[in-house]
Amino acid sequence: MLARIWSLSILWRGAAVLVIGAIAALNASASPFMPPPPHSYPLSAVALSPDGSRLAVGLPGGGVWQRGEPKGRIVVWDATEGTHLHMLEGHEEDVTVLAFSPDGEYLLSASHDQTARLWDAAEFELADVLAGHESSIQSVAFSADGAYLVTCGADATARLWDVETGNHLITFIPSAPGPHRRPMPVLSVALSPEGAYVLTGDGSGGVWLWDAGTGEAIRSFEEGEGRGRWENHPVTFLANGDLVASRRPGSLIHIWERDTGTLVEERSGAEGGAPMWFSHGGAYGAARVSRDGEVVVTELETGEIVGRTGKSETGNVRGVAFSADAERIAVGTREGVVHLWDTATGDRINVFDHHRFREDVEIDAHPRFDER
């Protein structure tokens, strides 16, 4: 009897999903945005070019909803026109992070396949493959002049690279506190504007400053708890590199003097939420402030709110990317949709739904809807 009730319940839920999808389709012409289909799945990474003209999105593959689809694909859009420009392929696993170089010449992608790839952003051609990490790459950053970049990952290292040659220059290895000094995964990284210093944030909450020329650790701003947790506390440089900042637990931002290690400010986030995403270069931060996807943009050095978005209608924000002036931001959601916003007006410029790049999947094929 219980099995029959469970079976009927599953059927009713499946029917309800299909009805809701049909209603959404009927109402699409009356709405500026049609919700994604019920079998949505999250994007893996989002990046916006410095001038806000191009959007790059990492598409997941090989999961429950993506059977038979290749991993590691990157779709590039014209952000203003909303048109598809190119599909970049080559990574063997899903892309974890994307970033444009400060001059917009390159797109950098990193992946679970332990490599980072430099793409010519104008010709959509592969310029270089950066190999050396022994596990998934979690974060990347360019120097302000675009001459160097740094990667970090689950292998508990950060690595500095020469962009022109693709040569690996130095490896940085943060350690956890305690008698055994067990290395922690490095989840966030930043390069000072002139490229002289590297800042890392590890999975225990530790924040370290490094000499980019010698690879030596200069100081730790936060020692971390050393419990092996994978908690990402984004790090960045502020004020032309003289200050460093990190998001801490409890919706706080800690700001230190780079040269002395002195904590100069402990700031609560705008409207009660500390930024979860920092812009490349460290000028801006973004925090989700409502359940329906509204995001505020702050100037990190002052904490002043400089812009905000409208409501995304797909709610759960999974990633934010900035133009150089933060006048445009791209907000990626768990449902697999990217919304491009004008932060000065709060108007939505465009919506990018990557579902058009995958084969249709019958919702009944998912094991969640199988009879049991």
# chains A, B, ... in the order shown; residues from 1 in each chain; ligands from 1
>>> residues_around(residues="A:Val264", least_positions_apart="5", cutoff="12 Å", atoms="only C-alpha atoms", output="PyMOL selection string")
chain A and resi 221+242-245+253-258+301
>>> residues_around(residues="A:Asp145", least_positions_apart="2", cutoff="7 Å", atoms="only C-alpha atoms", output="list in words")
Pro102, Ser143 and Ala147 of chain A
>>> write_last_selection(atoms="C-alpha atoms", output="short mmCIF file (atom, residue, chain, number, x, y, z; two decimals), in the first residue's frame")
data_model
loop_
_atom_site.label_atom_id
_atom_site.label_comp_id
_atom_site.auth_asym_id
_atom_site.auth_seq_id
_atom_site.Cartn_x
_atom_site.Cartn_y
_atom_site.Cartn_z
CA PRO A 102 42.99 43.17 -17.83
CA SER A 143 48.70 41.10 -12.60
CA ALA A 147 52.23 40.02 -17.82
#
>>> residues_around(residues="A:Ala274", least_positions_apart="3", cutoff="12 Å", atoms="only C-alpha atoms", output="PyMOL selection string")
chain A and resi 233-234+245-254+266-271+277-278+284-289+295-300+303+305
>>> atom_distance(atom1="atom CA of A:Lys71", atom2="atom CA of A:Phe352")
19.4 Å
>>> closest_residue(among="A:Val150, A:Leu85, A:Ile170, A:Leu263", to="A:Ala99", atoms="only C-alpha atoms")
A:Val150
>>> residues_around(residues="stretch 307-324 of chain A", least_positions_apart="4", cutoff="6 Å", atoms="only C-alpha atoms", output="ChimeraX atom specification")
/A:47-52,279,291-297,328-334,343-344,346
>>> write_last_selection(atoms="C-alpha atoms", output="PDB file, in the first residue's frame")
ATOM      1  CA  ALA A  47      33.494  35.770 -16.692  1.00  0.00           C
ATOM      2  CA  LEU A  48      32.849  39.201 -18.185  1.00  0.00           C
ATOM      3  CA  SER A  49      35.409  41.039 -20.331  1.00  0.00           C
ATOM      4  CA  PRO A  50      36.826  44.284 -18.855  1.00  0.00           C
ATOM      5  CA  ASP A  51      34.725  46.438 -21.197  1.00  0.00           C
ATOM      6  CA  GLY A  52      31.628  44.348 -20.516  1.00  0.00           C
ATOM      7  CA  SER A 279      36.270  41.676  -8.927  1.00  0.00           C
ATOM      8  CA  ARG A 291      16.483  35.146  -2.013  1.00  0.00           C
ATOM      9  CA  ASP A 292      15.267  36.054  -5.466  1.00  0.00           C
ATOM     10  CA  GLY A 293      18.727  36.938  -6.671  1.00  0.00           C
ATOM     11  CA  GLU A 294      19.099  40.665  -6.004  1.00  0.00           C
ATOM     12  CA  VAL A 295      22.801  41.577  -5.755  1.00  0.00           C
ATOM     13  CA  VAL A 296      24.490  44.719  -4.422  1.00  0.00           C
ATOM     14  CA  VAL A 297      27.902  45.927  -5.602  1.00  0.00           C
ATOM     15  CA  ARG A 328      27.931  45.761 -15.741  1.00  0.00           C
ATOM     16  CA  ILE A 329      27.834  42.528 -13.794  1.00  0.00           C
ATOM     17  CA  ALA A 330      26.889  39.030 -14.880  1.00  0.00           C
ATOM     18  CA  VAL A 331      25.003  36.931 -12.333  1.00  0.00           C
ATOM     19  CA  GLY A 332      24.966  33.165 -12.856  1.00  0.00           C
ATOM     20  CA  THR A 333      22.320  31.108 -11.067  1.00  0.00           C
ATOM     21  CA  ARG A 334      22.001  27.525  -9.919  1.00  0.00           C
ATOM     22  CA  THR A 343      24.275  48.234 -11.951  1.00  0.00           C
ATOM     23  CA  ALA A 344      23.693  51.993 -12.161  1.00  0.00           C
ATOM     24  CA  GLY A 346      19.305  48.106 -11.958  1.00  0.00           C
TER      25      GLY A 346
END
